[in-house]
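What follows is the content of protein.txt (compact mmCIF, C-alpha atoms).
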```txt
# COMPACT_ATOMS: atom_id res chain seq x y z
CA MET A 408 0.00 0.00 0.00
CA LYS A 409 2.86 2.35 0.87
CA ARG A 410 4.29 1.80 -2.61
CA LEU A 411 0.94 2.81 -4.14
CA PHE A 412 0.86 6.00 -2.03
CA ASN A 413 4.42 6.85 -3.10
CA LEU A 414 3.41 6.34 -6.72
CA LEU A 415 0.50 8.76 -6.21
CA LEU A 416 2.95 11.39 -5.03
CA ARG A 417 5.05 10.98 -8.17
CA ILE A 418 2.09 11.49 -10.50
CA ARG A 419 1.60 15.09 -11.62
CA ARG A 420 -1.95 16.21 -11.09
CA TRP A 421 -2.72 18.44 -14.06
CA PRO A 422 -2.26 15.68 -16.69
CA VAL A 423 -4.68 13.51 -14.69
CA GLN A 424 -7.19 16.38 -14.52
CA LEU A 425 -6.82 17.02 -18.25
CA ALA A 426 -7.18 13.31 -19.04
CA SER A 427 -10.26 13.12 -16.81
CA PHE A 428 -11.86 16.05 -18.67
CA LEU A 429 -11.08 14.43 -22.03
CA VAL A 430 -12.40 11.02 -20.96
CA MET A 431 -15.59 12.49 -19.47
CA ASN A 432 -16.14 14.27 -22.79
CA SER A 433 -14.92 11.59 -25.19
CA TYR A 434 -18.28 11.41 -27.03
CA PHE A 435 -18.18 7.95 -28.59
CA THR A 436 -19.47 5.77 -25.72
CA GLN A 437 -22.43 8.05 -24.89
CA GLY A 438 -24.97 5.36 -25.80
CA VAL A 439 -23.67 2.97 -23.15
CA THR A 440 -22.04 5.00 -20.38
CA LYS A 441 -24.52 7.83 -19.84
CA GLY A 442 -26.26 5.80 -17.15
CA LEU A 443 -23.17 6.09 -14.94
CA PRO A 444 -22.82 9.21 -12.75
CA CYS A 445 -19.35 10.70 -13.27
CA PRO A 446 -16.91 11.37 -10.41
CA GLY A 447 -16.92 15.13 -10.91
CA PHE A 448 -18.94 18.08 -12.08
CA ASN A 449 -19.49 17.54 -15.80
CA CYS A 450 -22.77 18.52 -17.50
CA TYR A 451 -24.59 15.64 -19.21
CA ALA A 452 -26.10 18.06 -21.71
CA CYS A 453 -22.62 18.76 -23.08
CA PRO A 454 -22.61 17.40 -26.67
CA THR A 455 -19.53 15.30 -25.91
CA ALA A 456 -20.32 14.10 -22.34
CA ILE A 457 -20.29 10.34 -21.86
CA PHE A 458 -21.46 10.20 -18.22
CA ALA A 459 -24.44 11.48 -16.24
CA CYS A 460 -24.03 14.50 -13.97
CA PRO A 461 -24.59 13.25 -10.39
CA VAL A 462 -26.24 16.52 -9.32
CA GLY A 463 -28.57 16.61 -12.33
CA SER A 464 -29.45 12.95 -11.77
CA LEU A 465 -30.18 13.53 -8.07
CA GLN A 466 -32.56 16.35 -8.98
CA HIS A 467 -34.30 14.10 -11.48
CA PHE A 468 -34.93 11.47 -8.80
CA VAL A 469 -36.24 14.19 -6.47
CA ILE A 470 -38.61 15.32 -9.22
CA ILE A 471 -39.92 11.79 -9.90
CA ARG A 472 -40.21 11.23 -6.12
CA GLU A 473 -37.90 8.24 -5.94
CA ILE A 474 -35.04 7.66 -3.50
CA PRO A 475 -31.85 7.81 -5.63
CA PHE A 476 -30.17 4.66 -4.25
CA TYR A 477 -28.10 4.10 -7.39
CA VAL A 478 -26.78 7.66 -7.83
CA LEU A 479 -26.13 8.13 -4.11
CA GLY A 480 -24.48 4.70 -4.01
CA VAL A 481 -22.06 5.60 -6.81
CA VAL A 482 -21.29 8.99 -5.23
CA ALA A 483 -20.86 7.39 -1.78
CA PHE A 484 -18.58 4.69 -3.23
CA VAL A 485 -16.27 7.34 -4.72
CA GLY A 486 -16.37 9.25 -1.41
CA ALA A 487 -15.72 6.13 0.66
CA LEU A 488 -12.62 5.40 -1.40
CA GLY A 489 -10.90 8.79 -1.27
CA GLY A 490 -13.16 11.41 0.32
CA ARG A 491 -13.00 14.47 -1.91
CA ALA A 492 -10.09 13.12 -3.97
CA ALA A 493 -12.30 13.20 -7.08
CA CYS A 494 -12.63 16.99 -6.60
CA GLY A 495 -8.87 17.38 -6.61
CA TRP A 496 -7.98 14.90 -9.33
CA LEU A 497 -10.96 14.29 -11.62
CA CYS A 498 -13.48 17.16 -11.56
CA PRO A 499 -13.31 19.22 -14.78
CA PHE A 500 -14.86 22.27 -13.11
CA GLY A 501 -12.27 22.10 -10.31
CA PHE A 502 -9.56 21.93 -12.99
CA LEU A 503 -10.99 24.99 -14.72
CA GLN A 504 -11.00 26.90 -11.43
CA GLU A 505 -7.35 26.06 -10.82
CA LEU A 506 -6.43 27.18 -14.35
CA MET A 507 -8.32 30.46 -13.94
CA TYR A 508 -6.55 31.12 -10.63
CA LYS A 509 -3.21 30.99 -12.45
CA LEU A 510 -4.12 34.21 -14.30
CA PRO A 511 -1.84 37.04 -13.12
CA LEU A 512 -4.46 39.11 -11.31
CA PRO A 513 -4.70 40.47 -7.76
CA LYS A 514 -5.85 37.68 -5.38
CA TRP A 515 -8.14 37.73 -2.38
CA GLN A 516 -9.37 34.85 -0.27
CA LEU A 517 -12.84 33.99 0.95
CA PRO A 518 -13.79 33.89 4.61
CA PRO A 519 -12.87 30.28 5.47
CA ARG A 520 -15.92 29.36 7.54
CA LEU A 521 -18.65 29.62 4.94
CA GLY A 522 -18.44 26.08 3.55
CA TRP A 523 -21.82 25.29 5.12
CA LEU A 524 -23.41 27.42 2.39
CA ARG A 525 -22.99 24.41 0.08
CA TYR A 526 -25.51 22.54 2.20
CA VAL A 527 -27.96 25.41 1.83
CA PHE A 528 -27.57 25.10 -1.97
CA ILE A 529 -28.22 21.34 -1.76
CA ALA A 530 -31.25 21.74 0.49
CA ILE A 531 -32.81 24.55 -1.53
CA LEU A 532 -31.72 24.16 -5.17
CA VAL A 533 -31.17 20.40 -5.42
CA VAL A 534 -33.95 19.12 -3.15
CA ALA A 535 -36.63 21.60 -2.01
CA ILE A 536 -37.26 23.70 -5.13
CA PRO A 537 -37.06 20.77 -7.61
CA TYR A 538 -39.45 18.82 -5.33
CA ILE A 539 -41.96 21.67 -5.31
CA THR A 540 -41.64 22.97 -8.87
CA LEU A 541 -40.72 19.68 -10.64
CA GLU A 542 -37.90 21.55 -12.37
CA PRO A 543 -34.13 20.99 -11.88
CA TRP A 544 -33.36 24.48 -10.61
CA PHE A 545 -29.73 23.84 -9.81
CA CYS A 546 -29.20 22.90 -13.48
CA LYS A 547 -31.04 26.03 -14.57
CA LEU A 548 -28.46 28.18 -12.78
CA CYS A 549 -25.38 25.93 -13.02
CA PRO A 550 -22.34 27.72 -14.55
CA GLN A 551 -20.80 24.41 -15.66
CA GLY A 552 -24.01 23.66 -17.59
CA THR A 553 -23.76 27.02 -19.32
CA LEU A 554 -20.14 26.48 -20.24
CA GLU A 555 -20.41 22.88 -21.42
CA ALA A 556 -23.98 22.79 -22.73
CA GLY A 557 -25.61 26.23 -22.96
CA ILE A 558 -22.99 27.84 -25.16
CA PRO A 559 -22.04 24.88 -27.43
CA GLN A 560 -25.59 23.59 -27.92
CA ILE A 561 -26.81 27.01 -29.05
CA PHE A 562 -24.12 26.92 -31.74
CA LEU A 563 -24.79 23.30 -32.71
CA LEU A 564 -28.61 23.49 -32.71
CA PRO A 565 -29.67 26.77 -34.37
CA GLU A 566 -33.36 25.97 -33.78
CA LEU A 567 -32.78 26.50 -30.04
CA ARG A 568 -31.74 30.12 -30.55
CA ALA A 569 -35.35 31.23 -30.97
CA LEU A 570 -36.11 29.86 -27.48
CA ILE A 571 -33.44 31.91 -25.69
CA GLY A 572 -34.95 34.06 -22.95
CA TRP A 573 -34.13 35.70 -19.64
CA LEU A 574 -32.90 32.44 -18.11
CA TYR A 575 -30.15 32.10 -20.68
CA GLY A 576 -28.99 35.64 -19.94
CA LEU A 577 -29.03 34.90 -16.20
CA LYS A 578 -27.00 31.72 -16.74
CA ILE A 579 -24.41 33.60 -18.79
CA ALA A 580 -24.19 36.29 -16.08
CA ILE A 581 -23.66 33.61 -13.38
CA LEU A 582 -20.96 31.96 -15.49
CA VAL A 583 -19.15 35.26 -16.09
CA ALA A 584 -19.34 36.09 -12.38
CA PHE A 585 -17.86 32.72 -11.43
CA LEU A 586 -15.12 32.95 -14.08
CA ALA A 587 -14.12 36.34 -12.68
CA TRP A 588 -14.27 35.00 -9.10
CA MET A 589 -12.16 31.95 -10.03
CA ALA A 590 -9.45 34.24 -11.36
CA VAL A 591 -9.02 36.03 -8.04
CA SER A 592 -9.93 33.40 -5.45
CA LYS A 593 -9.04 29.73 -4.98
CA ARG A 594 -11.80 27.36 -6.16
CA PRO A 595 -14.77 29.52 -5.07
CA PHE A 596 -17.40 27.21 -6.58
CA CYS A 597 -15.97 24.16 -4.77
CA ARG A 598 -15.80 25.97 -1.45
CA TRP A 599 -19.10 27.84 -1.43
CA VAL A 600 -21.51 26.23 -3.87
CA CYS A 601 -20.75 22.72 -5.13
CA PRO A 602 -23.37 20.19 -3.94
CA LEU A 603 -21.22 17.26 -5.04
CA GLY A 604 -18.27 18.44 -2.97
CA ALA A 605 -20.66 18.97 -0.08
CA ILE A 606 -21.80 15.34 -0.32
CA TRP A 607 -18.20 14.09 -0.45
CA SER A 608 -16.94 16.36 2.36
CA PRO A 609 -18.12 14.21 5.31
CA PHE A 610 -16.32 11.23 3.77
CA ASN A 611 -12.90 12.84 4.25
CA PRO A 612 -12.41 11.65 7.86
CA VAL A 613 -13.73 8.13 7.15
CA SER A 614 -12.56 7.32 3.62
CA ALA A 615 -10.24 4.43 2.79
CA VAL A 616 -7.44 6.85 1.80
CA ARG A 617 -6.80 9.72 4.19
CA LEU A 618 -4.10 12.15 5.28
CA GLU A 619 -2.36 12.30 8.64
CA VAL A 620 -0.10 14.93 10.13
CA ASP A 621 2.78 14.26 12.49
CA HIS A 622 2.37 17.22 14.85
CA GLN A 623 5.71 16.47 16.55
CA THR A 624 7.54 17.13 13.27
CA CYS A 625 5.40 19.98 11.88
CA ILE A 626 7.14 23.35 12.04
CA GLU A 627 3.97 25.28 11.03
CA CYS A 628 5.69 26.96 8.11
CA ASN A 629 2.31 27.21 6.28
CA ARG A 630 3.76 26.13 2.95
CA CYS A 631 0.93 23.57 2.77
CA GLN A 632 -1.64 26.36 2.90
CA GLN A 633 0.17 28.37 0.23
CA VAL A 634 -0.03 25.52 -2.30
CA CYS A 635 -3.46 24.27 -1.20
CA PRO A 636 -6.07 24.77 -3.97
CA VAL A 637 -8.77 25.35 -1.33
CA ASN A 638 -6.55 27.40 0.99
CA ILE A 639 -6.81 25.26 4.14
CA ARG A 640 -4.30 24.71 6.93
CA ILE A 641 -4.06 20.95 6.68
CA HIS A 642 -1.55 20.76 9.54
CA GLU A 643 -4.31 21.91 11.89
CA ASN A 644 -6.77 19.23 10.80
CA ALA A 645 -5.75 16.41 8.46
CA ASP A 646 -9.41 15.36 8.15
CA ALA A 647 -10.64 18.82 7.09
CA ILE A 648 -13.86 18.46 5.11
CA GLU A 649 -12.73 21.16 2.66
CA CYS A 650 -9.61 19.16 1.65
CA VAL A 651 -9.73 17.93 -1.96
CA ARG A 652 -6.93 15.37 -1.40
CA CYS A 653 -4.76 16.87 -4.15
CA LEU A 654 -1.65 15.91 -2.13
CA GLU A 655 0.15 19.15 -3.03
CA CYS A 656 0.76 19.69 0.71
CA VAL A 657 2.38 16.26 1.04
CA ARG A 658 4.73 17.04 -1.84
CA VAL A 659 5.72 20.50 -0.62
CA CYS A 660 6.14 19.83 3.12
CA PRO A 661 9.81 20.57 3.97
CA VAL A 662 9.83 18.21 6.97
CA ASP A 663 7.66 15.40 5.52
CA CYS A 664 5.13 15.58 8.33
CA ILE A 665 2.04 14.99 6.14
CA HIS A 666 1.47 11.38 5.11
CA ILE A 667 -1.06 9.44 3.10
CA THR A 668 -2.63 6.71 5.13
CA GLY A 669 -5.51 4.31 4.73
CA VAL A 670 -6.90 0.80 4.75
CA MET B 413 -14.18 9.69 17.55
CA LYS B 414 -11.00 7.70 16.90
CA THR B 415 -11.43 3.99 16.52
CA GLN B 416 -8.82 1.25 16.94
CA ARG B 417 -9.78 -0.21 13.57
CA PRO B 418 -10.44 2.66 11.13
CA TRP B 419 -10.31 0.24 8.18
CA LEU B 420 -13.49 -1.38 9.49
CA ARG B 421 -15.34 1.92 9.10
CA SER B 422 -14.03 2.40 5.56
CA VAL B 423 -14.92 -1.16 4.52
CA ALA B 424 -18.40 -0.81 6.05
CA LEU B 425 -18.94 2.40 4.08
CA LEU B 426 -17.76 0.79 0.85
CA LEU B 427 -20.08 -2.18 1.42
CA LEU B 428 -22.97 0.13 2.22
CA SER B 429 -22.43 2.13 -0.97
CA VAL B 430 -22.16 -1.04 -3.08
CA SER B 431 -25.42 -2.26 -1.48
CA ALA B 432 -27.10 1.03 -2.44
CA ILE B 433 -25.85 0.66 -6.02
CA VAL B 434 -27.17 -2.92 -6.21
CA LEU B 435 -30.52 -1.88 -4.77
CA GLY B 436 -30.71 0.97 -7.27
CA LEU B 437 -29.90 -1.39 -10.12
CA LEU B 438 -32.62 -3.78 -8.95
CA LEU B 439 -35.06 -0.85 -9.03
CA ASP B 440 -34.00 -0.12 -12.62
CA GLN B 441 -32.50 3.23 -11.60
CA TRP B 442 -29.62 2.78 -14.04
CA MET B 443 -32.13 3.04 -16.88
CA ILE B 444 -33.85 6.08 -15.30
CA THR B 445 -30.44 7.77 -14.97
CA TRP B 446 -29.49 6.83 -18.53
CA VAL B 447 -32.73 8.11 -20.07
CA ASN B 448 -32.53 11.38 -18.11
CA ALA B 449 -28.88 11.91 -19.10
CA THR B 450 -29.48 11.01 -22.74
CA LEU B 451 -32.44 13.35 -23.32
CA LEU B 452 -31.31 16.89 -24.06
CA CYS B 453 -31.50 18.84 -20.79
CA LEU B 454 -33.03 22.19 -21.74
CA SER B 455 -32.56 23.48 -18.19
CA CYS B 456 -28.81 22.88 -18.48
CA ILE B 457 -28.75 24.84 -21.72
CA GLY B 458 -30.71 27.67 -20.14
CA ILE B 459 -33.92 27.62 -22.11
CA GLN B 460 -37.42 26.54 -20.99
```
The structure given in the file should be rewritten as structure tokens.
Amino acid sequence: MKRLFNLLLRIRRWPVQLASFLVMNSYFTQGVTKGLPCPGFNCYACPTAIFACPVGSLQHFVIIREIPFYVLGVVAFVGALGGRAACGWLCPFGFLQELMYKLPLPKWQLPPRLGWLRYVFIAILVVAIPYITLEPWFCKLCPQGTLEAGIPQIFLLPELRALIGWLYGLKIAILVAFLAWMAVSKRPFCRWVCPLGAIWSPFNPVSAVRLEVDHQTCIECNRCQQVCPVNIRIHENADAIECVRCLECVRVCPVDCIHITGV
Amino acid sequence: MKTQRPWLRSVALLLLSVSAIVLGLLLDQWMITWVNATLLCLSCIGIQ
């Protein structure tokens, strides 16, 4: 197991994220694989998507008044394996946020204790409003849906252009706002909004692969926080629910006090 | 709460999630997911 963890540390993350985006949008197996929820935030209305969006699928089950055993089971399985590792390694929207943050612009960080807002978004936009209105309202506002489906589908299907209304404008405005926010703040969607990350967060302390910190060795230099894509102080809590298990902190630690551990 | 055997918790969670997947498959939820994902989602596009 230790050998596997060491191998993980040698793998560079951005090629994995890029490969994940390309696989999730590889088009050709759509007919077979679209029944499988993907381990990340990738819109199933994207013309090239081969998997189902877990959040869109959950809303659909809420709308048809059925308990989503299958979708929740797949999401829980991914969470039970690595907590939020899929956010750090596989999610295309997380990858986009990290790319946007590399833009040379002034940076400012969010107040760290507002992660609970994600649960408000789940309760209201993924469960309550879809249950009442029978419409997937998270999808209606989702910036990833606009980027991957709203914009390309309008180009590919000209007949849809006549149907564009205020909602399309609102979606574009939300996307632009998030793109701007991503450029100045670390992964704002993941930390404040993402329902999928919110579902995976409680798995961090109990997943098969976890992190541990040797507090005797830690010199509290904060280099882990500087490289962290969600700006957390992992040396204070190795089981932090915001952690996306990217392992950047393990790589950068000058005294090797952060370790991967697990089953 | 720290447990002496954390692997037991992880294995239990994995088994529970696999059970949920199997139950969902028995209820034909794979097909419901597939049909929903295959139909063009107008909400995702931002019309309707």
Rounded to one decimal, what separation in Å do you get between CA of Val534 in chain A and CA of Glu505 in chain A?
28.5 Å
Taking all atoms listed in the file into account, what are the residues of chain A at most 8 Å from chain B, put as a ChimeraX atom specification?
/A:437-438,440-443,450-452,458-460,464,467,475-481,483-484,487-488,543-544,546-549,552-553,556-558,560-561,570-572,574-575,578,613-615,669-670
Please list as a ChimeraX atom specification every residue within 7 Å of Arg525 in chain A, counting only C-alpha atoms and excluding residues in the same chain fewer than 3 positions away.
/A:522,528-529,599-602,605
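Picture a line from CA of Cys635 in chain A to CA of Cys653 in chain A; it runs 8.1 Å.
Comparing A:Leu497, A:Leu510, A:Ala492, A:Met408 by their smallest distance to Pro422 in chain A, the closest is A:Leu497 (using only C-alpha atoms).
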If you count all atoms listed in the file, which residues fall within 12 Å of Arg472 in chain A, apart from same-chain ones fewer than 2 positions away, as a VMD selection string?
chain A and resid 465 to 470 474 to 475 534 to 535 537 to 539 541
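Atom pair CA of Ile665 in chain A / CA of Gln632 in chain A: separated by 12.4 Å.
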Might I get the box with edges along x, y and z of the file that holds all atoms of range 517-525 of chain A listed there, padded by 5 Å on every side, given as centre and edge lengths in Å to one decimal, as lines of an AutoDock Vina configuration file?
```
center_x = -18.1
center_y = 29.2
center_z = 3.8
size_x = 20.6
size_y = 19.6
size_z = 17.5
```
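Comparing A:Ala587, A:Val527, A:Ala426, A:Val439 by their smallest distance to Lys514 in chain A, the closest is A:Ala587 (using all atoms listed in the file).
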For range 640-650 of chain A, find every residue with an atom within 8 Å (counting all atoms listed in the file), except residues of its own chain fewer than 2 positions away, and show them as a ChimeraX atom specification.
/A:491,522,598,608-612,617-620,622,625,627,629,631-632,637-638,652-653,656,665
